$ cat work_26.pdb   # PDB, C-alpha atoms
ATOM      1  CA  MET A   1      20.006  53.159   1.816  1.00  0.00           C
ATOM      2  CA  SER A   2      20.230  49.416   2.247  1.00  0.00           C
ATOM      3  CA  SER A   3      18.369  49.712   5.562  1.00  0.00           C
ATOM      4  CA  SER A   4      15.245  51.006   3.798  1.00  0.00           C
ATOM      5  CA  SER A   5      15.326  48.104   1.312  1.00  0.00           C
ATOM      6  CA  SER A   6      15.306  45.563   4.192  1.00  0.00           C
ATOM      7  CA  TYR A   7      12.142  47.210   5.463  1.00  0.00           C
ATOM      8  CA  SER A   8       9.418  45.598   3.404  1.00  0.00           C
ATOM      9  CA  ASN A   9       6.583  46.045   5.913  1.00  0.00           C
ATOM     10  CA  PRO A  10       5.838  49.121   7.980  1.00  0.00           C
ATOM     11  CA  PRO A  11       6.316  48.681  11.715  1.00  0.00           C
ATOM     12  CA  CYS A  12       3.329  47.575  13.778  1.00  0.00           C
ATOM     13  CA  ALA A  13       1.538  50.156  15.899  1.00  0.00           C
ATOM     14  CA  ALA A  14       3.308  48.946  19.041  1.00  0.00           C
ATOM     15  CA  CYS A  15       6.808  49.203  17.627  1.00  0.00           C
ATOM     16  CA  LYS A  16       6.030  52.548  16.053  1.00  0.00           C
ATOM     17  CA  PHE A  17       4.698  53.876  19.379  1.00  0.00           C
ATOM     18  CA  LEU A  18       7.662  52.439  21.296  1.00  0.00           C
ATOM     19  CA  ARG A  19      10.056  53.703  18.587  1.00  0.00           C
ATOM     20  CA  ARG A  20      11.797  50.444  18.038  1.00  0.00           C
ATOM     21  CA  LYS A  21      12.520  48.232  15.086  1.00  0.00           C
ATOM     22  CA  CYS A  22       9.677  45.830  14.268  1.00  0.00           C
ATOM     23  CA  LEU A  23      11.207  42.385  13.797  1.00  0.00           C
ATOM     24  CA  PRO A  24       9.481  39.516  11.991  1.00  0.00           C
ATOM     25  CA  SER A  25       9.147  37.758  15.365  1.00  0.00           C
ATOM     26  CA  CYS A  26       7.382  40.759  16.963  1.00  0.00           C
ATOM     27  CA  ILE A  27       4.650  39.504  19.294  1.00  0.00           C
ATOM     28  CA  PHE A  28       2.580  42.661  18.741  1.00  0.00           C
ATOM     29  CA  ALA A  29       2.625  42.784  14.921  1.00  0.00           C
ATOM     30  CA  PRO A  30      -0.268  40.371  14.193  1.00  0.00           C
ATOM     31  CA  TYR A  31      -2.592  42.122  16.672  1.00  0.00           C
ATOM     32  CA  PHE A  32      -1.697  45.807  16.499  1.00  0.00           C
ATOM     33  CA  SER A  33      -1.682  46.805  12.855  1.00  0.00           C
ATOM     34  CA  PRO A  34      -0.128  50.117  11.764  1.00  0.00           C
ATOM     35  CA  GLU A  35      -3.621  51.288  10.701  1.00  0.00           C
ATOM     36  CA  GLU A  36      -4.868  51.179  14.318  1.00  0.00           C
ATOM     37  CA  PRO A  37      -2.326  53.058  16.427  1.00  0.00           C
ATOM     38  CA  ILE A  38      -4.896  54.156  19.015  1.00  0.00           C
ATOM     39  CA  LYS A  39      -5.652  50.541  19.912  1.00  0.00           C
ATOM     40  CA  PHE A  40      -2.096  49.958  21.143  1.00  0.00           C
ATOM     41  CA  THR A  41      -1.859  53.413  22.707  1.00  0.00           C
ATOM     42  CA  THR A  42      -4.854  52.775  24.974  1.00  0.00           C
ATOM     43  CA  VAL A  43      -3.688  49.248  25.873  1.00  0.00           C
ATOM     44  CA  HIS A  44      -0.210  50.584  26.655  1.00  0.00           C
ATOM     45  CA  LYS A  45      -1.572  53.404  28.849  1.00  0.00           C
ATOM     46  CA  VAL A  46      -3.536  50.981  31.018  1.00  0.00           C
ATOM     47  CA  PHE A  47      -1.497  47.766  31.031  1.00  0.00           C
ATOM     48  CA  GLY A  48       1.961  48.660  29.739  1.00  0.00           C
ATOM     49  CA  ALA A  49       3.808  47.069  26.836  1.00  0.00           C
ATOM     50  CA  SER A  50       5.817  44.707  29.037  1.00  0.00           C
ATOM     51  CA  ASN A  51       2.720  43.238  30.712  1.00  0.00           C
ATOM     52  CA  VAL A  52       0.930  42.797  27.382  1.00  0.00           C
ATOM     53  CA  SER A  53       4.007  41.116  25.908  1.00  0.00           C
ATOM     54  CA  LYS A  54       4.234  38.719  28.866  1.00  0.00           C
ATOM     55  CA  LEU A  55       0.544  37.915  28.641  1.00  0.00           C
ATOM     56  CA  LEU A  56       0.667  37.203  24.904  1.00  0.00           C
ATOM     57  CA  ASN A  57       3.714  34.923  25.345  1.00  0.00           C
ATOM     58  CA  GLU A  58       1.987  32.933  28.117  1.00  0.00           C
ATOM     59  CA  ILE A  59      -1.213  32.074  26.224  1.00  0.00           C
ATOM     60  CA  GLN A  60      -1.814  29.827  23.228  1.00  0.00           C
ATOM     61  CA  PRO A  61      -1.452  31.457  19.777  1.00  0.00           C
ATOM     62  CA  HIS A  62      -5.117  30.768  18.882  1.00  0.00           C
ATOM     63  CA  GLN A  63      -6.231  32.700  22.001  1.00  0.00           C
ATOM     64  CA  ARG A  64      -4.092  35.772  21.451  1.00  0.00           C
ATOM     65  CA  GLU A  65      -6.396  37.690  19.158  1.00  0.00           C
ATOM     66  CA  ASP A  66      -9.305  37.366  21.593  1.00  0.00           C
ATOM     67  CA  ALA A  67      -7.020  38.376  24.453  1.00  0.00           C
ATOM     68  CA  VAL A  68      -5.834  41.487  22.600  1.00  0.00           C
ATOM     69  CA  ASN A  69      -9.410  42.470  21.760  1.00  0.00           C
ATOM     70  CA  SER A  70     -10.393  42.000  25.409  1.00  0.00           C
ATOM     71  CA  LEU A  71      -7.418  44.067  26.565  1.00  0.00           C
ATOM     72  CA  ALA A  72      -8.298  46.827  24.112  1.00  0.00           C
ATOM     73  CA  TYR A  73     -11.929  46.863  25.291  1.00  0.00           C
ATOM     74  CA  GLU A  74     -10.911  46.887  28.962  1.00  0.00           C
ATOM     75  CA  ALA A  75      -8.332  49.605  28.359  1.00  0.00           C
ATOM     76  CA  GLU A  76     -10.884  51.799  26.594  1.00  0.00           C
ATOM     77  CA  ALA A  77     -13.381  51.211  29.402  1.00  0.00           C
ATOM     78  CA  ARG A  78     -10.730  52.026  32.027  1.00  0.00           C
ATOM     79  CA  LEU A  79      -9.916  55.301  30.319  1.00  0.00           C
ATOM     80  CA  LYS A  80     -13.611  56.242  30.283  1.00  0.00           C
ATOM     81  CA  ASP A  81     -14.266  55.013  33.846  1.00  0.00           C
ATOM     82  CA  PRO A  82     -11.029  54.645  35.828  1.00  0.00           C
ATOM     83  CA  VAL A  83     -12.739  53.151  38.880  1.00  0.00           C
ATOM     84  CA  TYR A  84     -15.002  50.455  37.445  1.00  0.00           C
ATOM     85  CA  GLY A  85     -13.808  49.994  33.857  1.00  0.00           C
ATOM     86  CA  CYS A  86     -15.816  47.416  31.948  1.00  0.00           C
ATOM     87  CA  VAL A  87     -17.418  46.186  35.190  1.00  0.00           C
ATOM     88  CA  GLY A  88     -19.307  49.486  35.252  1.00  0.00           C
ATOM     89  CA  ALA A  89     -20.545  48.882  31.706  1.00  0.00           C
ATOM     90  CA  ILE A  90     -21.567  45.337  32.637  1.00  0.00           C
ATOM     91  CA  SER A  91     -23.472  46.643  35.672  1.00  0.00           C
ATOM     92  CA  VAL A  92     -25.314  49.173  33.532  1.00  0.00           C
ATOM     93  CA  LEU A  93     -26.256  46.450  31.054  1.00  0.00           C
ATOM     94  CA  GLN A  94     -27.393  44.103  33.835  1.00  0.00           C
ATOM     95  CA  ARG A  95     -29.625  46.822  35.312  1.00  0.00           C
ATOM     96  CA  GLN A  96     -31.040  47.446  31.840  1.00  0.00           C
ATOM     97  CA  VAL A  97     -31.778  43.719  31.413  1.00  0.00           C
ATOM     98  CA  ILE A  98     -33.537  43.630  34.797  1.00  0.00           C
ATOM     99  CA  ARG A  99     -35.589  46.722  33.920  1.00  0.00           C
ATOM    100  CA  LEU A 100     -36.543  45.291  30.529  1.00  0.00           C
ATOM    101  CA  GLN A 101     -37.453  41.944  32.124  1.00  0.00           C
ATOM    102  CA  LYS A 102     -39.777  43.730  34.552  1.00  0.00           C
ATOM    103  CA  GLU A 103     -41.308  45.678  31.671  1.00  0.00           C
ATOM    104  CA  LEU A 104     -41.795  42.452  29.707  1.00  0.00           C
ATOM    105  CA  ASP A 105     -43.414  40.766  32.728  1.00  0.00           C
ATOM    106  CA  ALA A 106     -45.778  43.724  33.188  1.00  0.00           C
ATOM    107  CA  THR A 107     -46.684  43.685  29.500  1.00  0.00           C
ATOM    108  CA  ASN A 108     -47.337  39.936  29.620  1.00  0.00           C
ATOM    109  CA  ALA A 109     -49.532  40.424  32.704  1.00  0.00           C
ATOM    110  CA  ASP A 110     -51.478  43.158  30.893  1.00  0.00           C
ATOM    111  CA  LEU A 111     -51.871  40.882  27.907  1.00  0.00           C
ATOM    112  CA  MET A 112     -53.161  38.058  30.115  1.00  0.00           C
ATOM    113  CA  ARG A 113     -55.634  40.426  31.807  1.00  0.00           C
ATOM    114  CA  TYR A 114     -56.832  41.686  28.441  1.00  0.00           C
ATOM    115  CA  THR A 115     -57.183  38.144  27.079  1.00  0.00           C
ATOM    116  CA  ASN A 116     -59.079  36.999  30.182  1.00  0.00           C
ATOM    117  CA  PHE A 117     -61.272  40.117  30.040  1.00  0.00           C
ATOM    118  CA  GLU A 118     -62.119  39.380  26.411  1.00  0.00           C
ATOM    119  CA  GLN A 119     -62.950  35.758  27.258  1.00  0.00           C
ATOM    120  CA  VAL A 120     -65.164  36.831  30.160  1.00  0.00           C
ATOM    121  CA  ASN A 121     -66.910  39.373  27.921  1.00  0.00           C
ATOM    122  CA  ASN A 122     -67.435  36.784  25.189  1.00  0.00           C
ATOM    123  CA  ASN A 123     -68.804  34.292  27.721  1.00  0.00           C
ATOM    124  CA  GLN A 124     -71.071  36.970  29.204  1.00  0.00           C
ATOM    125  CA  ILE A 125     -72.351  37.886  25.743  1.00  0.00           C
ATOM    126  CA  MET A 126     -73.121  34.223  25.036  1.00  0.00           C
ATOM    127  CA  VAL A 127     -74.954  33.855  28.381  1.00  0.00           C
ATOM    128  CA  ASN A 128     -76.947  37.034  27.719  1.00  0.00           C
ATOM    129  CA  GLN A 129     -77.875  35.794  24.236  1.00  0.00           C
ATOM    130  CA  GLU A 130     -79.036  32.476  25.674  1.00  0.00           C
ATOM    131  CA  ARG A 131     -81.115  34.294  28.287  1.00  0.00           C
ATOM    132  CA  SER A 132     -82.712  36.547  25.697  1.00  0.00           C
ATOM    133  CA  ASN A 133     -83.421  33.589  23.417  1.00  0.00           C
ATOM    134  CA  PHE A 134     -85.087  31.768  26.300  1.00  0.00           C
ATOM    135  CA  GLN A 135     -86.965  34.868  27.385  1.00  0.00           C
ATOM    136  CA  TYR A 136     -88.441  35.502  23.922  1.00  0.00           C
ATOM    137  CA  GLY A 137     -89.430  31.883  23.313  1.00  0.00           C
ATOM    138  CA  ARG A 138     -86.754  31.094  20.760  1.00  0.00           C
ATOM    139  CA  ARG A 139     -85.458  28.254  22.843  1.00  0.00           C
ATOM    140  CA  MET A 140     -86.716  24.797  22.039  1.00  0.00           C
ATOM    141  CA  VAL A 141     -89.472  23.350  24.196  1.00  0.00           C
ATOM    142  CA  PRO A 142     -88.092  20.872  26.741  1.00  0.00           C
ATOM    143  CA  SER A 143     -88.293  17.208  25.804  1.00  0.00           C
ATOM    144  CA  TYR A 144     -91.062  16.340  28.322  1.00  0.00           C
ATOM    145  CA  SER A 145     -93.559  18.587  26.507  1.00  0.00           C
ATOM    146  CA  SER A 146     -93.007  16.751  23.233  1.00  0.00           C
ATOM    147  CA  SER A 147     -94.639  13.680  24.783  1.00  0.00           C
ATOM    148  CA  ALA A 148     -97.724  15.778  25.406  1.00  0.00           C
ATOM    149  CA  TRP A 149     -97.859  16.604  21.724  1.00  0.00           C
ATOM    150  CA  ASN A 150     -97.593  12.988  20.725  1.00  0.00           C
ATOM    151  CA  SER A 151    -100.154  11.665  23.222  1.00  0.00           C
ATOM    152  CA  GLY A 152    -102.741  14.207  22.185  1.00  0.00           C
ATOM    153  CA  ILE A 153    -103.592  15.284  25.753  1.00  0.00           C
ATOM    154  CA  SER A 154    -104.315  18.777  24.661  1.00  0.00           C
ATOM    155  CA  GLY A 155    -106.697  19.283  21.842  1.00  0.00           C
ATOM    156  CA  ASP A 156    -104.957  22.408  20.631  1.00  0.00           C
ATOM    157  CA  GLN A 157    -101.348  21.404  19.975  1.00  0.00           C
ATOM    158  CA  ASN A 158    -100.446  24.746  18.440  1.00  0.00           C
ATOM    159  CA  ASN A 159    -101.002  26.613  21.716  1.00  0.00           C
ATOM    160  CA  ILE A 160     -98.758  24.514  23.929  1.00  0.00           C
ATOM    161  CA  GLY A 161     -96.496  26.766  25.984  1.00  0.00           C
ATOM    162  CA  ILE A 162     -93.125  26.198  27.477  1.00  0.00           C
ATOM    163  CA  ASP A 163     -94.547  24.423  30.528  1.00  0.00           C
ATOM    164  CA  GLY A 164     -96.340  21.839  28.385  1.00  0.00           C
ATOM    165  CA  GLY A 165     -99.853  23.028  29.219  1.00  0.00           C
ATOM    166  CA  SER A 166    -102.374  24.463  26.859  1.00  0.00           C
ATOM    167  CA  GLY A 167    -102.253  28.084  25.938  1.00  0.00           C
ATOM    168  CA  ARG A 168    -105.949  28.672  26.864  1.00  0.00           C
TER     169      ARG A 168
END
$ encode --input "work_26.pdb" --output "structure tokens"
Amino acid sequence: MSSSSSYSNPPCAACKFLRRKCLPSCIFAPYFSPEEPIKFTTVHKVFGASNVSKLLNEIQPHQREDAVNSLAYEAEARLKDPVYGCVGAISVLQRQVIRLQKELDATNADLMRYTNFEQVNNNQIMVNQERSNFQYGRRMVPSYSSSAWNSGISGDQNNIGIDGGSGR
């Protein structure tokens, strides 16, 4: 029973899967917890325990967690798509980005057309209002006719028209 007392921590998922004793120096223990056995199982199916062990020993300790997460993602992608793996997922995402960029460009072009159309309509409305004001005599008399008012050329200043002549 002394063997069970020396076992304070449960074996990591890798050692449990490989059915070996999990030592305190186990390279897998910090990255493959006993609560996530499927993570190691998928990595082992694709890469093998020996290759993962070699990889983890060759890289810096601060890079190991990212490497294990990358291996787990790649292994899962390889099981779903044995030919392309995560490259297939990346290709799908790149095509989606391209499609969304085209959709965004088309929407921006529509927005520009709408904005320009509104500006043209507003300008046209202003021009039409100016024309109607001029047509119905609401526009001010040009400055040259004001001199006719001041000089008293016409006896009837109230009947001066747009052209500066008398209204008779």
$ atom_distance --input "work_26.pdb" --atom1 "atom CA of A:Pro37" --atom2 "atom CA of A:Ala13"
4.9 Å
$ closest_residue --input "work_26.pdb" --among "A:Cys22, A:Leu71, A:Ile98, A:Val127" --to "A:Asn51" --atoms "only C-alpha atoms"
A:Leu71
$ closest_residue --input "work_26.pdb" --among "A:Leu100, A:Ile38, A:Met126, A:Ala109" --to "A:Tyr73" --atoms "all atoms listed in the file"
A:Ile38
$ atom_distance --input "work_26.pdb" --atom1 "atom CA of A:Thr107" --atom2 "atom CA of A:Leu93"
20.7 Å
$ atom_distance --input "work_26.pdb" --atom1 "atom CA of A:Gln129" --atom2 "atom CA of A:Tyr114"
22.3 Å
